[in-house]
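Enquirer: For reference, the file final34.cif (mmCIF, C-alpha atoms and all ligand atoms) is included below:
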```
data_my_file
#
loop_
_atom_site.label_atom_id
_atom_site.label_comp_id
_atom_site.auth_asym_id
_atom_site.auth_seq_id
_atom_site.Cartn_x
_atom_site.Cartn_y
_atom_site.Cartn_z
CA MET Z 234 4.54 -5.48 -6.89
CA TYR Z 235 5.30 -1.85 -6.01
CA ASP Z 236 8.90 -2.11 -7.11
CA LYS Z 237 8.00 -3.72 -10.40
CA ALA Z 238 5.53 -0.92 -11.21
CA LEU Z 239 8.07 1.67 -10.15
CA LYS Z 240 10.69 0.19 -12.45
CA GLN Z 241 8.30 0.18 -15.40
CA ILE Z 242 7.44 3.84 -14.82
CA LYS Z 243 11.08 4.88 -14.40
CA LYS Z 244 11.92 3.17 -17.64
CA VAL Z 245 9.65 5.67 -19.41
CA ILE Z 246 10.23 8.87 -17.42
CA GLY Z 247 13.89 8.48 -16.46
CA ASP Z 248 14.84 10.43 -13.36
CA PHE Z 249 11.86 12.83 -13.46
CA VAL Z 250 10.42 13.21 -9.94
CA PRO Z 251 6.91 14.63 -9.57
CA GLU Z 252 6.22 16.75 -6.51
CA TYR Z 253 2.44 16.76 -6.88
CA LEU Z 254 0.11 13.89 -7.71
CA ILE Z 255 -3.16 15.27 -9.05
CA ILE Z 256 -6.08 12.84 -9.25
CA LEU Z 257 -8.63 14.02 -11.78
CA GLY Z 258 -12.27 13.19 -11.18
CA SER Z 259 -15.25 12.81 -13.51
CA GLY Z 260 -15.23 15.45 -16.23
CA LEU Z 261 -12.05 17.02 -14.85
CA GLY Z 262 -9.58 15.18 -17.06
CA GLY Z 263 -8.99 18.37 -19.09
CA LEU Z 264 -6.28 19.56 -16.73
CA ALA Z 265 -4.03 16.80 -17.99
CA GLU Z 266 -4.10 18.44 -21.44
CA LYS Z 267 -2.43 21.52 -19.93
CA VAL Z 268 0.60 19.63 -18.66
CA GLU Z 269 3.75 20.78 -20.45
CA ASN Z 270 6.28 18.36 -21.90
CA PRO Z 271 3.88 15.54 -21.15
CA ILE Z 272 4.85 11.91 -20.98
CA ALA Z 273 1.82 9.61 -20.88
CA ILE Z 274 1.70 6.04 -19.65
CA LYS Z 275 -1.47 3.98 -19.95
CA TYR Z 276 -2.48 2.15 -16.75
CA GLY Z 277 -2.55 -1.06 -18.76
CA GLU Z 278 1.20 -0.77 -19.32
CA ILE Z 279 2.01 -0.85 -15.60
CA ASP Z 280 1.77 -4.06 -13.57
CA GLY Z 281 -0.69 -3.71 -10.69
CA PHE Z 282 -2.51 -0.72 -12.20
CA MET Z 283 -6.08 -1.66 -13.05
CA THR Z 284 -7.64 -0.15 -16.14
CA SER Z 285 -10.11 2.67 -15.62
CA THR Z 286 -13.60 1.65 -16.74
CA ALA Z 287 -15.56 4.70 -15.55
CA PRO Z 288 -16.99 6.99 -18.24
CA SER Z 289 -14.76 9.99 -19.05
CA HIS Z 290 -11.81 8.50 -17.15
CA ALA Z 291 -9.00 8.02 -19.67
CA GLY Z 292 -6.87 5.72 -17.55
CA ARG Z 293 -3.37 7.08 -17.90
CA LEU Z 294 -0.63 8.85 -16.00
CA ILE Z 295 0.61 12.13 -17.41
CA PHE Z 296 4.00 13.31 -16.17
CA GLY Z 297 5.22 16.83 -16.88
CA THR Z 298 5.17 20.39 -15.58
CA LEU Z 299 2.29 22.62 -14.63
CA ASN Z 300 2.89 26.21 -13.56
CA GLY Z 301 6.59 25.32 -13.39
CA LYS Z 302 6.07 22.44 -10.95
CA ASN Z 303 6.75 18.78 -11.60
CA VAL Z 304 3.45 16.92 -11.52
CA VAL Z 305 1.89 13.62 -12.37
CA CYS Z 306 -1.81 13.53 -13.18
CA MET Z 307 -3.95 10.45 -12.85
CA GLN Z 308 -6.28 11.05 -15.76
CA GLY Z 309 -8.97 8.72 -14.55
CA ARG Z 310 -9.13 7.13 -11.14
CA LEU Z 311 -10.20 3.73 -9.95
CA HIS Z 312 -13.41 3.32 -7.97
CA LEU Z 313 -14.73 0.61 -5.66
CA TYR Z 314 -17.89 0.43 -7.78
CA GLU Z 315 -15.84 -0.81 -10.73
CA GLY Z 316 -15.31 -3.97 -8.72
CA TYR Z 317 -11.72 -3.22 -7.82
CA ASP Z 318 -10.76 -4.02 -4.28
CA ARG Z 319 -9.63 -1.36 -1.87
CA LYS Z 320 -5.93 -2.18 -2.34
CA GLN Z 321 -6.15 -1.90 -6.12
CA VAL Z 322 -7.82 1.52 -5.85
CA VAL Z 323 -4.89 2.98 -3.89
CA PHE Z 324 -2.05 1.07 -5.59
CA PRO Z 325 -1.19 3.90 -8.03
CA LEU Z 326 -0.88 6.59 -5.37
CA ARG Z 327 1.37 4.35 -3.30
CA VAL Z 328 3.65 3.65 -6.25
CA LEU Z 329 3.80 7.37 -7.02
CA ARG Z 330 4.65 8.13 -3.40
CA LYS Z 331 7.57 5.73 -3.73
CA LEU Z 332 8.55 7.60 -6.86
CA GLY Z 333 8.83 10.77 -4.77
CA ALA Z 334 5.49 12.60 -4.98
CA SER Z 335 4.83 14.27 -1.63
CA LYS Z 336 1.65 16.26 -2.15
CA ILE Z 337 -1.63 15.00 -3.50
CA ILE Z 338 -4.53 16.96 -4.89
CA VAL Z 339 -7.71 14.91 -5.21
CA THR Z 340 -10.65 16.17 -7.20
CA ASN Z 341 -14.06 14.68 -7.66
CA ALA Z 342 -17.56 15.33 -8.90
CA ALA Z 343 -20.05 15.31 -6.06
CA GLY Z 344 -23.69 15.86 -5.23
CA GLY Z 345 -24.50 18.86 -3.05
CA ILE Z 346 -26.13 18.12 0.30
CA ASN Z 347 -25.61 21.54 1.89
CA PRO Z 348 -28.70 23.56 0.85
CA ASP Z 349 -26.50 26.64 0.34
CA PHE Z 350 -24.70 24.89 -2.54
CA VAL Z 351 -25.64 25.11 -6.21
CA PRO Z 352 -24.39 23.01 -9.14
CA GLY Z 353 -21.12 24.47 -10.38
CA ASP Z 354 -19.84 25.29 -6.89
CA ILE Z 355 -16.34 24.22 -5.95
CA MET Z 356 -15.93 22.92 -2.39
CA ILE Z 357 -12.64 22.57 -0.52
CA ILE Z 358 -12.89 19.30 1.39
CA ASN Z 359 -12.01 19.96 5.03
CA ASP Z 360 -12.90 16.50 6.32
CA HIS Z 361 -14.63 13.34 5.22
CA ILE Z 362 -16.96 10.61 6.41
CA ASN Z 363 -16.04 7.13 5.23
CA PHE Z 364 -19.37 5.51 4.37
CA THR Z 365 -17.91 2.94 1.97
CA GLY Z 366 -17.95 0.16 4.55
CA THR Z 367 -14.30 -0.60 3.93
CA ASN Z 368 -10.84 0.85 4.44
CA PRO Z 369 -7.81 0.51 2.14
CA LEU Z 370 -5.57 -0.23 5.11
CA ILE Z 371 -7.39 -3.40 6.21
CA GLY Z 372 -4.95 -6.30 6.23
CA ALA Z 373 -1.36 -6.63 7.34
CA ASN Z 374 0.15 -3.17 7.76
CA ASP Z 375 2.84 -2.36 5.23
CA SER Z 376 5.16 -0.43 7.55
CA GLU Z 377 7.21 0.69 4.56
CA PHE Z 378 4.31 3.08 3.92
CA GLY Z 379 3.13 4.02 7.39
CA VAL Z 380 1.90 3.09 10.84
CA ARG Z 381 -0.82 0.63 11.79
CA PHE Z 382 -3.23 3.28 13.11
CA PRO Z 383 -2.70 6.49 11.14
CA ASP Z 384 -4.16 9.71 12.50
CA MET Z 385 -6.93 11.33 10.45
CA THR Z 386 -7.42 14.46 12.55
CA MET Z 387 -5.44 16.59 10.11
CA ALA Z 388 -5.93 14.57 6.95
CA TYR Z 389 -6.72 17.61 4.82
CA SER Z 390 -3.75 19.98 5.11
CA LYS Z 391 -4.63 23.29 6.72
CA ALA Z 392 -1.77 25.01 4.91
CA LEU Z 393 -2.85 23.74 1.48
CA ARG Z 394 -6.48 24.69 2.17
CA GLU Z 395 -5.36 28.19 3.05
CA ARG Z 396 -3.29 28.35 -0.13
CA ALA Z 397 -6.37 27.28 -2.10
CA ARG Z 398 -8.45 30.04 -0.52
CA VAL Z 399 -5.84 32.70 -1.24
CA THR Z 400 -5.44 31.52 -4.84
CA ALA Z 401 -9.21 31.45 -5.41
CA ALA Z 402 -9.54 34.99 -4.06
CA LYS Z 403 -6.85 36.12 -6.51
CA LEU Z 404 -8.75 34.49 -9.35
CA GLY Z 405 -12.06 35.98 -8.18
CA LEU Z 406 -13.42 32.48 -7.68
CA GLU Z 407 -15.84 31.76 -4.87
CA LEU Z 408 -15.09 28.63 -2.87
CA LYS Z 409 -17.31 26.63 -0.55
CA GLU Z 410 -15.84 24.43 2.14
CA GLY Z 411 -17.21 21.32 3.81
CA VAL Z 412 -17.34 17.64 4.59
CA TYR Z 413 -17.37 14.96 1.86
CA ILE Z 414 -19.13 11.69 2.50
CA GLY Z 415 -17.86 8.79 0.39
CA CYS Z 416 -20.17 5.92 -0.64
CA THR Z 417 -19.35 3.03 -2.93
CA GLY Z 418 -22.08 3.65 -5.53
CA PRO Z 419 -22.69 2.88 -8.33
CA SER Z 420 -26.35 3.65 -7.61
CA TYR Z 421 -26.88 7.22 -6.56
CA GLU Z 422 -28.15 7.69 -3.02
CA THR Z 423 -31.79 7.67 -2.01
CA PRO Z 424 -33.44 10.85 -0.70
CA ALA Z 425 -33.67 9.18 2.74
CA GLU Z 426 -29.91 8.52 2.70
CA ILE Z 427 -29.23 12.12 1.77
CA ARG Z 428 -31.41 13.39 4.63
CA ALA Z 429 -29.49 11.07 6.96
CA PHE Z 430 -26.12 12.26 5.58
CA ARG Z 431 -27.11 15.87 6.18
CA ILE Z 432 -27.81 15.04 9.83
CA LEU Z 433 -24.43 13.28 10.00
CA GLY Z 434 -22.74 16.51 8.96
CA ALA Z 435 -21.98 15.94 5.28
CA ASP Z 436 -22.02 18.77 2.75
CA ALA Z 437 -21.33 16.76 -0.41
CA VAL Z 438 -21.54 13.12 -1.47
CA GLY Z 439 -19.58 11.09 -3.97
CA MET Z 440 -18.21 7.68 -4.93
CA SER Z 441 -14.47 8.19 -4.59
CA THR Z 442 -11.74 10.02 -2.67
CA VAL Z 443 -12.04 8.62 0.88
CA ALA Z 444 -10.07 5.43 0.21
CA GLU Z 445 -7.41 7.49 -1.57
CA VAL Z 446 -7.17 10.05 1.21
CA ILE Z 447 -6.88 7.37 3.91
CA ALA Z 448 -4.07 5.61 2.04
CA ALA Z 449 -2.43 8.93 1.13
CA ARG Z 450 -2.44 10.04 4.75
CA HIS Z 451 -1.01 6.68 5.80
CA CYS Z 452 1.95 7.02 3.45
CA GLY Z 453 2.67 10.64 4.32
CA TYR Z 454 1.26 12.78 1.53
CA GLU Z 455 0.17 16.34 2.24
CA ILE Z 456 -3.42 16.33 1.03
CA LEU Z 457 -5.73 18.83 -0.63
CA GLY Z 458 -9.19 17.87 -1.91
CA PHE Z 459 -11.81 19.58 -4.05
CA SER Z 460 -15.35 18.58 -4.91
CA LEU Z 461 -17.02 20.03 -7.94
CA ILE Z 462 -20.73 20.11 -7.12
CA THR Z 463 -22.22 18.80 -10.34
CA ASN Z 464 -25.78 18.32 -9.09
CA MET Z 465 -27.85 18.62 -5.96
CA ALA Z 466 -28.00 15.26 -4.20
CA ALA Z 467 -31.02 12.97 -4.49
CA GLY Z 468 -34.25 14.45 -3.17
CA MET Z 469 -32.85 17.97 -2.78
CA LYS Z 470 -34.62 18.96 -5.97
CA ASN Z 471 -37.66 17.36 -7.50
CA VAL Z 472 -35.67 15.70 -10.30
CA GLU Z 473 -33.87 12.44 -10.96
CA LEU Z 474 -30.07 12.37 -11.14
CA SER Z 475 -28.23 11.57 -14.33
CA GLU Z 476 -24.69 10.77 -15.35
CA GLU Z 477 -25.08 13.27 -18.22
CA GLU Z 478 -25.73 16.16 -15.82
CA VAL Z 479 -22.64 15.21 -13.81
CA ILE Z 480 -20.44 15.12 -16.92
CA GLU Z 481 -21.96 18.31 -18.36
CA VAL Z 482 -21.39 20.44 -15.25
CA GLY Z 483 -17.94 18.87 -14.98
CA LYS Z 484 -17.19 20.12 -18.49
CA GLN Z 485 -18.61 23.60 -17.86
CA LYS Z 486 -16.98 24.22 -14.48
CA GLY Z 487 -14.03 21.88 -14.74
CA GLU Z 488 -12.07 24.64 -16.42
CA ALA Z 489 -12.36 26.90 -13.35
CA LEU Z 490 -11.23 24.11 -11.04
CA SER Z 491 -8.35 23.27 -13.39
CA LYS Z 492 -7.22 26.90 -13.30
CA LEU Z 493 -7.41 26.99 -9.51
CA VAL Z 494 -5.37 23.79 -9.17
CA THR Z 495 -2.76 25.07 -11.64
CA GLU Z 496 -2.39 28.46 -9.96
CA LEU Z 497 -2.03 27.12 -6.45
CA LEU Z 498 1.03 25.02 -7.33
CA ILE Z 499 3.90 26.93 -5.79
N1 LIG Z 501 -23.96 11.18 -5.58
C1 LIG Z 501 -22.85 10.41 -5.64
N2 LIG Z 501 -21.84 10.65 -6.45
C2 LIG Z 501 -21.93 11.72 -7.25
C3 LIG Z 501 -23.05 12.56 -7.25
C4 LIG Z 501 -24.12 12.27 -6.36
O1 LIG Z 501 -25.14 12.98 -6.30
N3 LIG Z 501 -22.80 13.53 -8.18
C5 LIG Z 501 -21.59 13.27 -8.70
N4 LIG Z 501 -21.05 12.18 -8.15
#
```
If you convert what's in this file into C-alpha cells, what do you get?
Expert:
Amino acid sequence: MYDKALKQIKKVIGDFVPEYLIILGSGLGGLAEKVENPIAIKYGEIDGFMTSTAPSHAGRLIFGTLNGKNVVCMQGRLHLYEGYDRKQVVFPLRVLRKLGASKIIVTNAAGGINPDFVPGDIMIINDHINFTGTNPLIGANDSEFGVRFPDMTMAYSKALRERARVTAAKLGLELKEGVYIGCTGPSYETPAEIRAFRILGADAVGMSTVAEVIAARHCGYEILGFSLITNMAAGMKNVELSEEEVIEVGKQKGEALSKLVTELLI
C-alpha cells in the first residue's frame, strides 16, 4: 500500500524531496497558499489516502518551497471522528516519511484549559496526553518504520521548540507552552471533563494530533507542534462552544501562526 501511494506521488512531483511535512489544522489551511511553485495532489488521487470530510479541510497535498525550504503541506488532516481508523489517519505521514520528509510540524485548533490562556493564543506543544482510547501503532509492528515500543519521552523536539521560541521573539509574537490532550470528538468536552483534564495536567484540548505524533515519533520524524487556542474549553466561560468560533479565530490568528511556521524553517 505504502509503495503504491509513493509511486503515485512520485509520478506527479518527480524527484522533489520535501524536508518538512506541515499538517495544517482547522482554519490554518491558508499557509498552503503561500507555498511557492506549488504542486497539488488531491487525497482522492492517492491510493490509501482517505478524503478529508472535516469543514475547512481541503484534502490535498501541496508540494513546493516555503522560506527556501522544500515542504509538503497536508491541507486538511484526517480525524478519528470522521470514522477513519487509526491506521488511515497516519497513513499519509508514513508515506511522506518514506518519500524523505524528516521533520513534521503539526498544527491544530484547540480549546484552552489553562486559565492564563485567551482565544487567539498560540501554544507550543511540549507534551501530550493520549485520551483517544486508541493508538495508531496497535497491531503487528511494521519494523520498516520503527520499533515495537517507541519512546515518547522526547516526542516534541527540544531543539525545534527552542527554534520556535527564538523565531517568535524575533517576530514580536508571544507564545504559550503546554500540554495538549487529544480526544476523539466529535462532541466537544463536558465542563466536568475539562475540570478533570486540568487536574490531569492538560493546558489545551483538541480532536487531532496525538495519533499523528505517536506514529511520527515511531517512524523517526523530528516533531514540532502548535495549538491555536480558538476558544476557552467547555465550562471555562459561561457560553456554549461553536464550530463557527473555532473557524473564525482560526482565520483571524491563523495568519500569525502561518508566519511563525514559515520563518522558523531554516
Ligand atoms: N475542544 C476540542 N477540540 C477543539 C476545541 C475544544 O474546545 N476547540 C477547537 N478544537
Enquirer: Could you check which of Z:Lys302, Z:Lys320, Z:Arg330, Z:Lys275 is closest to Asp236 in chain Z, using all atoms listed in the file?
Expert: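 Looking only at the distances to Asp236 in chain Z, the closest residue turns out to be Z:Arg330.
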Enquirer: Report the distance between CA of Leu329 in chain Z and CA of Thr367 in chain Z in Å, rounded to one decimal place.
Expert: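 If I compute the distance from CA of Leu329 in chain Z to CA of Thr367 in chain Z, I get 22.6 Å.
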Enquirer: For Glu455 in chain Z, list every protein, DNA or RNA residue within 8 Å, evaluated using only C-alpha atoms, and leave out those in the same chain fewer than 5 positions away; present the list as a PDB file with C-alpha atoms, keeping the file's coordinate frame.
Expert:
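Generated output (result18.pdb):
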```
ATOM      1  CA  SER Z 335       4.830  14.270  -1.630  1.00  0.00           C
ATOM      2  CA  LYS Z 336       1.650  16.260  -2.150  1.00  0.00           C
ATOM      3  CA  ILE Z 337      -1.630  15.000  -3.500  1.00  0.00           C
ATOM      4  CA  ALA Z 388      -5.930  14.570   6.950  1.00  0.00           C
ATOM      5  CA  TYR Z 389      -6.720  17.610   4.820  1.00  0.00           C
ATOM      6  CA  SER Z 390      -3.750  19.980   5.110  1.00  0.00           C
ATOM      7  CA  ALA Z 449      -2.430   8.930   1.130  1.00  0.00           C
ATOM      8  CA  ARG Z 450      -2.440  10.040   4.750  1.00  0.00           C
TER       9      ARG Z 450
END
```
Enquirer: Pull the closest atom pair for each residue of range 243-335 of chain Z that gets at most 8 Å from range 397-420 of chain Z, along with the distance in Å to one decimal, counting all atoms listed in the file, ordering rows by chain and then ascending residue number, as a Markdown table.
Expert:
```
| residue | atom | partner | partner_atom | distance |
| --- | --- | --- | --- | --- |
| Z:His312 | CA | Z:Thr417 | CA | 7.8 |
| Z:Leu313 | CA | Z:Thr417 | CA | 5.9 |
| Z:Tyr314 | CA | Z:Pro419 | CA | 5.4 |
```
Enquirer: Sorted by chain and rising residue number, which residues of chain Z lie within 6 Å of ligand LIG 501 (chain Z), and what are their closest atom pairs and distances in Å to one decimal, counting only C-alpha atoms and all ligand atoms, as JSON lines?
Expert:
```
{"residue": "Z:Ala342", "atom": "CA", "partner": "Z:LIG501", "partner_atom": "C5", "distance": 4.5}
{"residue": "Z:Ala343", "atom": "CA", "partner": "Z:LIG501", "partner_atom": "C5", "distance": 3.7}
{"residue": "Z:Gly344", "atom": "CA", "partner": "Z:LIG501", "partner_atom": "O1", "distance": 3.4}
{"residue": "Z:Tyr421", "atom": "CA", "partner": "Z:LIG501", "partner_atom": "N1", "distance": 5.0}
{"residue": "Z:Val438", "atom": "CA", "partner": "Z:LIG501", "partner_atom": "C1", "distance": 5.1}
{"residue": "Z:Gly439", "atom": "CA", "partner": "Z:LIG501", "partner_atom": "N2", "distance": 3.4}
{"residue": "Z:Met440", "atom": "CA", "partner": "Z:LIG501", "partner_atom": "N2", "distance": 4.9}
{"residue": "Z:Thr463", "atom": "CA", "partner": "Z:LIG501", "partner_atom": "N3", "distance": 5.7}
{"residue": "Z:Asn464", "atom": "CA", "partner": "Z:LIG501", "partner_atom": "N3", "distance": 5.7}
{"residue": "Z:Ala466", "atom": "CA", "partner": "Z:LIG501", "partner_atom": "O1", "distance": 4.2}
{"residue": "Z:Val479", "atom": "CA", "partner": "Z:LIG501", "partner_atom": "C5", "distance": 5.6}
```
Enquirer: From the options Z:Ile371, Z:Met387, Z:Met283, Z:Val351, which residue's atoms come nearest to Leu457 in chain Z, counting all atoms listed in the file?
Expert: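 Of all the options, Z:Met387 lies closest to Leu457 in chain Z.
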Enquirer: For each of Z:Val482, Z:Val446, Z:Met469, Z:Leu393, take the minimum atom-to-atom distance to Val322 in chain Z, counting all atoms listed in the file, then give the residue where this is smallest.
Expert: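 Counting all atoms listed in the file, the residue closest to Val322 in chain Z is Z:Val446.
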Enquirer: Rank Z:Ser460, Z:Gln485, Z:Gln308, Z:Ser259 by their smallest atom-to-atom distance to Val443 in chain Z, using all atoms listed in the file, and report the top residue only.
Expert: Z:Ser460
Enquirer: Any idea what the distance is between CA of Ile246 in chain Z and CA of Glu278 in chain Z?
Expert: 13.3 Å
Enquirer: Kindly give the distance, in Å, that separates CA of Ala435 in chain Z and CA of Ile362 in chain Z, rounded to a single decimal.
Expert: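 A separation of 7.4 Å between them.
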Enquirer: Identify which of the residues Z:Ile256, Z:Cys452, Z:Leu264, Z:Ala437 lies closest to Val328 in chain Z, counting all atoms listed in the file when measuring atom-to-atom distances.
Expert: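 Checking each candidate against Val328 in chain Z, we get Z:Cys452 as the closest.
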Enquirer: Near Met307 in chain Z, within 10 Å and counting all atoms listed in the file, which residues show up once chain neighbours fewer than 6 positions away are dropped, as a ChimeraX atom specification?
Expert: /Z:254-258,262,265,273-276,290-296,325-326,339
Enquirer: Step by step: start from the point (-2.4, 3.1, 2.6) in the file's coordinates, keep every protein, DNA or RNA residue that has an atom no farther than 7 Å from it, count all atoms listed in the file, and write the set as a PyMOL selection string.
Expert: chain Z and resi 323+369-370+378+447-449+451-452
Enquirer: Which residue is closest to Arg394 in chain Z? Choose from Z:Glu481, Z:Glu445, Z:Gly468, Z:Val494 and count only C-alpha atoms.
Expert: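 Under the stated criterion, the closest residue is Z:Val494.
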Enquirer: Excluding Gly487 in chain Z and any residue of its chain fewer than 4 positions from it, enumerate the residues within 9 Å of it, using all atoms listed in the file, and give them as a ChimeraX atom specification.
Expert: /Z:260-264,353,461,482-483,491-492
Enquirer: Can you spit out range 422-438 of chain Z with N, CA, C and O atoms, as an mmCIF file, in the first residue's frame, from the structure just given?
Expert:
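Generated file (selection22.cif):
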```cif
data_model
loop_
_atom_site.group_PDB
_atom_site.id
_atom_site.type_symbol
_atom_site.label_atom_id
_atom_site.label_comp_id
_atom_site.auth_asym_id
_atom_site.auth_seq_id
_atom_site.Cartn_x
_atom_site.Cartn_y
_atom_site.Cartn_z
ATOM 1 N N GLU Z 422 -16.072 18.619 24.692
ATOM 2 C CA GLU Z 422 -15.999 18.020 26.010
ATOM 3 C C GLU Z 422 -17.083 18.616 26.923
ATOM 4 O O GLU Z 422 -17.604 19.694 26.655
ATOM 5 N N THR Z 423 -17.340 17.925 28.014
ATOM 6 C CA THR Z 423 -18.235 18.499 29.016
ATOM 7 C C THR Z 423 -17.402 19.343 29.983
ATOM 8 O O THR Z 423 -16.187 19.132 30.119
ATOM 9 N N PRO Z 424 -18.048 20.259 30.695
ATOM 10 C CA PRO Z 424 -17.305 21.015 31.722
ATOM 11 C C PRO Z 424 -16.644 20.093 32.745
ATOM 12 O O PRO Z 424 -15.515 20.359 33.182
ATOM 13 N N ALA Z 425 -17.300 18.994 33.114
ATOM 14 C CA ALA Z 425 -16.698 18.069 34.091
ATOM 15 C C ALA Z 425 -15.428 17.435 33.518
ATOM 16 O O ALA Z 425 -14.432 17.259 34.226
ATOM 17 N N GLU Z 426 -15.466 17.092 32.235
ATOM 18 C CA GLU Z 426 -14.258 16.527 31.599
ATOM 19 C C GLU Z 426 -13.131 17.557 31.605
ATOM 20 O O GLU Z 426 -11.968 17.220 31.862
ATOM 21 N N ILE Z 427 -13.469 18.786 31.317
ATOM 22 C CA ILE Z 427 -12.425 19.823 31.278
ATOM 23 C C ILE Z 427 -11.817 20.033 32.663
ATOM 24 O O ILE Z 427 -10.594 20.156 32.803
ATOM 25 N N ARG Z 428 -12.659 20.016 33.703
ATOM 26 C CA ARG Z 428 -12.099 20.137 35.065
ATOM 27 C C ARG Z 428 -11.160 18.966 35.347
ATOM 28 O O ARG Z 428 -10.093 19.128 35.928
ATOM 29 N N ALA Z 429 -11.576 17.767 34.919
ATOM 30 C CA ALA Z 429 -10.732 16.582 35.127
ATOM 31 C C ALA Z 429 -9.414 16.718 34.354
ATOM 32 O O ALA Z 429 -8.340 16.412 34.873
ATOM 33 N N PHE Z 430 -9.502 17.201 33.108
ATOM 34 C CA PHE Z 430 -8.294 17.336 32.269
ATOM 35 C C PHE Z 430 -7.310 18.339 32.878
ATOM 36 O O PHE Z 430 -6.103 18.193 32.759
ATOM 37 N N ARG Z 431 -7.876 19.370 33.520
ATOM 38 C CA ARG Z 431 -6.985 20.361 34.132
ATOM 39 C C ARG Z 431 -6.202 19.699 35.270
ATOM 40 O O ARG Z 431 -5.005 19.904 35.432
ATOM 41 N N ILE Z 432 -6.902 18.861 36.038
ATOM 42 C CA ILE Z 432 -6.225 18.155 37.139
ATOM 43 C C ILE Z 432 -5.177 17.189 36.580
ATOM 44 O O ILE Z 432 -4.104 17.006 37.148
ATOM 45 N N LEU Z 433 -5.461 16.617 35.423
ATOM 46 C CA LEU Z 433 -4.501 15.687 34.791
ATOM 47 C C LEU Z 433 -3.252 16.400 34.266
ATOM 48 O O LEU Z 433 -2.262 15.763 33.951
ATOM 49 N N GLY Z 434 -3.335 17.712 34.116
ATOM 50 C CA GLY Z 434 -2.154 18.450 33.671
ATOM 51 C C GLY Z 434 -2.235 18.965 32.249
ATOM 52 O O GLY Z 434 -1.209 19.338 31.667
ATOM 53 N N ALA Z 435 -3.433 18.990 31.679
ATOM 54 C CA ALA Z 435 -3.565 19.484 30.296
ATOM 55 C C ALA Z 435 -3.771 20.996 30.261
ATOM 56 O O ALA Z 435 -4.428 21.557 31.146
ATOM 57 N N ASP Z 436 -3.210 21.625 29.235
ATOM 58 C CA ASP Z 436 -3.381 23.061 29.038
ATOM 59 C C ASP Z 436 -4.322 23.380 27.882
ATOM 60 O O ASP Z 436 -4.865 24.471 27.794
ATOM 61 N N ALA Z 437 -4.458 22.430 26.958
ATOM 62 C CA ALA Z 437 -5.315 22.647 25.785
ATOM 63 C C ALA Z 437 -5.886 21.309 25.348
ATOM 64 O O ALA Z 437 -5.274 20.256 25.576
ATOM 65 N N VAL Z 438 -7.060 21.364 24.714
ATOM 66 C CA VAL Z 438 -7.735 20.122 24.310
ATOM 67 C C VAL Z 438 -8.157 20.202 22.843
ATOM 68 O O VAL Z 438 -8.572 21.254 22.375
#
```
